[in-house]
Structures are given as structure tokens and as C-alpha cells.
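Asks: Take a look at start-v2.csv, CSV, N, CA and C atoms:
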chain,number,residue,atom,x,y,z
S,1,MET,N,92.6,105.4,92.1
S,1,MET,CA,93.3,106.6,92.0
S,1,MET,C,92.5,107.6,91.2
S,2,ARG,N,92.5,108.8,91.6
S,2,ARG,CA,91.9,109.9,90.8
S,2,ARG,C,92.9,110.7,90.1
S,3,ILE,N,92.6,111.1,88.9
S,3,ILE,CA,93.5,111.9,88.1
S,3,ILE,C,92.7,113.0,87.5
S,4,THR,N,93.2,114.2,87.5
S,4,THR,CA,92.5,115.3,86.8
S,4,THR,C,93.2,115.6,85.5
S,5,LEU,N,92.3,115.7,84.5
S,5,LEU,CA,92.8,115.9,83.1
S,5,LEU,C,92.1,117.1,82.5
S,6,SER,N,92.8,117.8,81.7
S,6,SER,CA,92.2,118.9,81.0
S,6,SER,C,91.8,118.5,79.6
S,7,ILE,N,90.6,118.7,79.2
S,7,ILE,CA,90.0,118.2,77.9
S,7,ILE,C,89.4,119.5,77.3
S,8,PRO,N,89.6,119.7,76.0
S,8,PRO,CA,88.9,120.8,75.3
S,8,PRO,C,87.4,120.7,75.5
S,9,ASP,N,86.8,121.8,75.6
S,9,ASP,CA,85.3,121.8,75.9
S,9,ASP,C,84.5,121.0,74.9
S,10,GLU,N,84.9,121.1,73.6
S,10,GLU,CA,84.1,120.4,72.6
S,10,GLU,C,84.2,118.9,72.7
S,11,VAL,N,85.4,118.4,73.1
S,11,VAL,CA,85.6,117.0,73.3
S,11,VAL,C,84.9,116.6,74.5
S,12,ALA,N,84.9,117.4,75.6
S,12,ALA,CA,84.2,117.0,76.8
S,12,ALA,C,82.7,116.9,76.6
S,13,GLU,N,82.2,117.9,75.9
S,13,GLU,CA,80.7,117.8,75.6
S,13,GLU,C,80.3,116.6,74.8
S,14,ARG,N,81.1,116.3,73.8
S,14,ARG,CA,80.9,115.1,73.0
S,14,ARG,C,80.9,113.8,73.9
S,15,PHE,N,81.9,113.8,74.7
S,15,PHE,CA,82.1,112.6,75.6
S,15,PHE,C,80.9,112.5,76.5
S,16,ARG,N,80.5,113.6,77.2
S,16,ARG,CA,79.3,113.6,78.1
S,16,ARG,C,78.1,113.2,77.3
S,17,SER,N,77.9,113.6,76.1
S,17,SER,CA,76.7,113.3,75.3
S,17,SER,C,76.7,111.8,74.9
S,18,ALA,N,77.9,111.3,74.6
S,18,ALA,CA,78.0,109.9,74.0
S,18,ALA,C,78.1,108.8,75.1
S,19,ILE,N,78.7,109.1,76.2
S,19,ILE,CA,78.9,108.1,77.2
S,19,ILE,C,78.1,108.3,78.5
S,20,PRO,N,77.3,107.3,78.9
S,20,PRO,CA,76.6,107.5,80.2
S,20,PRO,C,77.5,107.7,81.4
S,21,PRO,N,77.0,108.5,82.4
S,21,PRO,CA,77.8,108.8,83.5
S,21,PRO,C,78.5,107.7,84.2
S,22,ARG,N,77.8,106.6,84.4
S,22,ARG,CA,78.4,105.4,85.1
S,22,ARG,C,79.4,104.6,84.2
S,23,LYS,N,79.6,104.9,83.0
S,23,LYS,CA,80.4,104.2,82.1
S,23,LYS,C,81.7,105.0,81.7
S,24,ARG,N,81.8,106.3,82.1
S,24,ARG,CA,82.8,107.1,81.6
S,24,ARG,C,84.2,106.7,82.1
S,25,SER,N,84.4,106.3,83.3
S,25,SER,CA,85.7,105.9,83.8
S,25,SER,C,86.2,104.7,83.1
S,26,SER,N,85.3,103.7,82.9
S,26,SER,CA,85.7,102.5,82.2
S,26,SER,C,86.1,102.8,80.7
S,27,VAL,N,85.4,103.7,80.1
S,27,VAL,CA,85.8,104.0,78.7
S,27,VAL,C,87.1,104.7,78.7
S,28,VAL,N,87.4,105.6,79.6
S,28,VAL,CA,88.7,106.3,79.6
S,28,VAL,C,89.8,105.3,79.9
S,29,VAL,N,89.6,104.4,80.9
S,29,VAL,CA,90.6,103.3,81.2
S,29,VAL,C,90.9,102.5,80.0
S,30,HIS,N,89.8,102.1,79.3
S,30,HIS,CA,90.0,101.3,78.1
S,30,HIS,C,90.8,102.0,77.0
S,31,LEU,N,90.5,103.3,76.8
S,31,LEU,CA,91.3,104.1,75.8
S,31,LEU,C,92.7,104.3,76.2
S,32,ILE,N,93.0,104.5,77.5
S,32,ILE,CA,94.3,104.7,78.0
S,32,ILE,C,95.1,103.4,77.8
S,33,GLU,N,94.5,102.2,78.2
S,33,GLU,CA,95.2,100.9,78.1
S,33,GLU,C,95.5,100.6,76.6
S,34,ARG,N,94.6,100.9,75.7
S,34,ARG,CA,94.8,100.7,74.3
S,34,ARG,C,96.0,101.5,73.8
S,35,GLU,N,96.1,102.8,74.2
S,35,GLU,CA,97.2,103.6,73.8
S,35,GLU,C,98.5,103.1,74.4
S,36,LEU,N,98.5,102.8,75.7
S,36,LEU,CA,99.7,102.3,76.3
S,36,LEU,C,100.2,101.0,75.6
S,37,ASP,N,99.3,100.1,75.3
S,37,ASP,CA,99.6,98.8,74.6
S,37,ASP,C,100.3,99.1,73.3
S,38,GLN,N,99.7,100.1,72.5
S,38,GLN,CA,100.3,100.4,71.2
S,38,GLN,C,101.7,101.0,71.4
S,39,ARG,N,101.9,101.9,72.4
S,39,ARG,CA,103.2,102.4,72.7
S,39,ARG,C,104.2,101.3,73.1
S,40,ASP,N,103.8,100.4,73.9
S,40,ASP,CA,104.6,99.3,74.3
S,40,ASP,C,105.1,98.5,73.1
S,41,LYS,N,104.2,98.2,72.2
S,41,LYS,CA,104.5,97.5,71.0
S,41,LYS,C,105.5,98.2,70.1
S,42,ILE,N,105.4,99.5,70.0
S,42,ILE,CA,106.3,100.3,69.2
S,42,ILE,C,107.7,100.3,69.9
S,43,LEU,N,107.7,100.4,71.2
S,43,LEU,CA,109.0,100.4,72.0
S,43,LEU,C,109.7,99.0,71.8
S,44,ALA,N,108.9,98.0,71.9
S,44,ALA,CA,109.4,96.6,71.8
S,44,ALA,C,110.0,96.4,70.4
S,45,ALA,N,109.3,96.9,69.4
S,45,ALA,CA,109.8,96.8,68.0
S,45,ALA,C,111.1,97.5,67.8
S,46,ALA,N,111.2,98.7,68.4
S,46,ALA,CA,112.4,99.5,68.4
S,46,ALA,C,113.6,98.8,69.0
S,47,CYS,N,113.3,98.2,70.2
S,47,CYS,CA,114.4,97.4,70.9
S,47,CYS,C,114.9,96.2,70.1
S,48,ILE,N,113.9,95.5,69.5
S,48,ILE,CA,114.3,94.4,68.6
S,48,ILE,C,115.1,94.8,67.4
S,49,ALA,N,114.7,95.9,66.8
S,49,ALA,CA,115.5,96.5,65.7
S,49,ALA,C,116.9,96.9,66.1
S,50,ALA,N,117.0,97.5,67.3
S,50,ALA,CA,118.3,98.0,67.8
S,50,ALA,C,119.2,96.8,68.1
S,51,ASN,N,118.6,95.7,68.7
S,51,ASN,CA,119.4,94.5,69.0
S,51,ASN,C,119.9,93.8,67.8
S,52,ARG,N,119.2,94.0,66.7
S,52,ARG,CA,119.6,93.3,65.4
S,52,ARG,C,120.7,94.1,64.6
S,53,ASP,N,120.9,95.4,65.1
S,53,ASP,CA,121.8,96.2,64.4
S,53,ASP,C,123.3,95.9,64.8
S,54,GLU,N,124.0,95.3,63.9
S,54,GLU,CA,125.4,94.8,64.3
S,54,GLU,C,126.3,95.9,64.6
S,55,SER,N,126.2,97.0,63.9
S,55,SER,CA,127.2,98.1,64.1
S,55,SER,C,126.9,98.7,65.5
S,56,LEU,N,125.6,98.8,65.9
S,56,LEU,CA,125.2,99.3,67.2
S,56,LEU,C,125.7,98.3,68.3
S,57,ARG,N,125.6,97.1,68.0
S,57,ARG,CA,126.0,96.1,69.0
S,57,ARG,C,127.5,96.2,69.2
S,58,LYS,N,128.3,96.4,68.2
S,58,LYS,CA,129.7,96.6,68.3
S,58,LYS,C,130.1,97.8,69.1
S,59,GLU,N,129.3,98.9,68.9
S,59,GLU,CA,129.6,100.1,69.6
S,59,GLU,C,129.2,99.9,71.1
S,60,ILE,N,128.2,99.2,71.4
S,60,ILE,CA,127.8,99.0,72.8
S,60,ILE,C,128.9,98.1,73.4
S,61,ASP,N,129.4,97.1,72.8
S,61,ASP,CA,130.4,96.3,73.3
S,61,ASP,C,131.7,97.1,73.6
S,62,GLU,N,132.0,98.1,72.7
S,62,GLU,CA,133.1,98.9,73.0
S,62,GLU,C,132.9,99.8,74.3
S,63,TRP,N,131.8,100.4,74.4
S,63,TRP,CA,131.5,101.2,75.5
S,63,TRP,C,131.5,100.4,76.8
S,64,GLN,N,130.9,99.2,76.8
S,64,GLN,CA,130.9,98.3,77.9
S,64,GLN,C,132.3,97.9,78.3
S,65,SER,N,133.2,97.7,77.4
S,65,SER,CA,134.6,97.4,77.7
S,65,SER,C,135.3,98.4,78.5
S,66,PHE,N,134.9,99.7,78.4
S,66,PHE,CA,135.4,100.8,79.2
S,66,PHE,C,135.0,100.6,80.7
S,67,ASP,N,133.8,100.1,80.9
S,67,ASP,CA,133.3,99.9,82.3
S,67,ASP,C,134.1,98.7,82.9
S,68,ASP,N,134.4,97.7,82.1
S,68,ASP,CA,135.2,96.5,82.6
S,68,ASP,C,136.6,97.0,83.1
S,69,ALA,N,137.2,97.9,82.3
S,69,ALA,CA,138.5,98.3,82.7
S,69,ALA,C,138.5,99.1,84.0
S,70,LEU,N,137.5,99.8,84.2
S,70,LEU,CA,137.3,100.6,85.5
S,70,LEU,C,137.2,99.7,86.7
S,71,GLU,N,136.5,98.6,86.6
S,71,GLU,CA,136.3,97.7,87.7
S,71,GLU,C,137.5,97.0,88.2
S,72,GLU,N,138.5,96.8,87.3
S,72,GLU,CA,139.7,96.1,87.6
S,72,GLU,C,140.6,97.0,88.4
Rewrite the structure of this file - the entire thing - as C-alpha cells.

Replies:
Amino acid sequence: MRITLSIPDEVAERFRSAIPPRKRSSVVVHLIERELDQRDKILAAACIAANRDESLRKEIDEWQSFDDALEE
């Protein structure tokens, strides 16, 4: 898949100078994967913390009980 990105001129020039033409895509893929992995870890940690929050769990149970009443 091809994606078009806008990059500041200074960053683009540094990138072109530092990374050989045939390696650029793989470097960008690596950097994107690393960022996505970090974001996934942050999201997972937030979910774990939310699941451990007893007051939040009680509130969720209350809201879900409203759905149960509607189904009957």
C-alpha cells in the first residue's frame, strides 16, 4: 500500500541524507510499528487499570443492568 505523508522540509532532508533510497520504506515501517506497539501497550495498561477499579466496575454493572431490563 502506498501512503502520502507530509514531512517538514528539514526532517525530509535529514532523512534523505541519513537513509539510503532502498532502505527508506523499511525504516519508516519500523518506526511506525514501534510507535504502534508503544500505543498498544499504553492502551492495554489503561484497560487493566480500568478493570481493577472497583467503583468503575460497579458503575458498569449498573449501566449493563439497564440493558438487561430492556431485553425482557

Asks: Enter the distance from atom CA of Arg2 of chain S to atom CA of Ser26 of chain S, in Å, rounded to one decimal.

Replies: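 Computed distance, atom CA of Arg2 of chain S to atom CA of Ser26 of chain S, equals 12.9 Å.
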
Asks: Figure out the distance between atom C of Glu59 of chain S and atom C of Ala45 of chain S, please, to one decimal in Å.

Replies: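 Here the two named atoms are 18.6 Å from each other.
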
Asks: Quick one: distance from atom CA of His30 of chain S to atom CA of Ala12 of chain S in Å, one decimal?

Replies: 16.8 Å
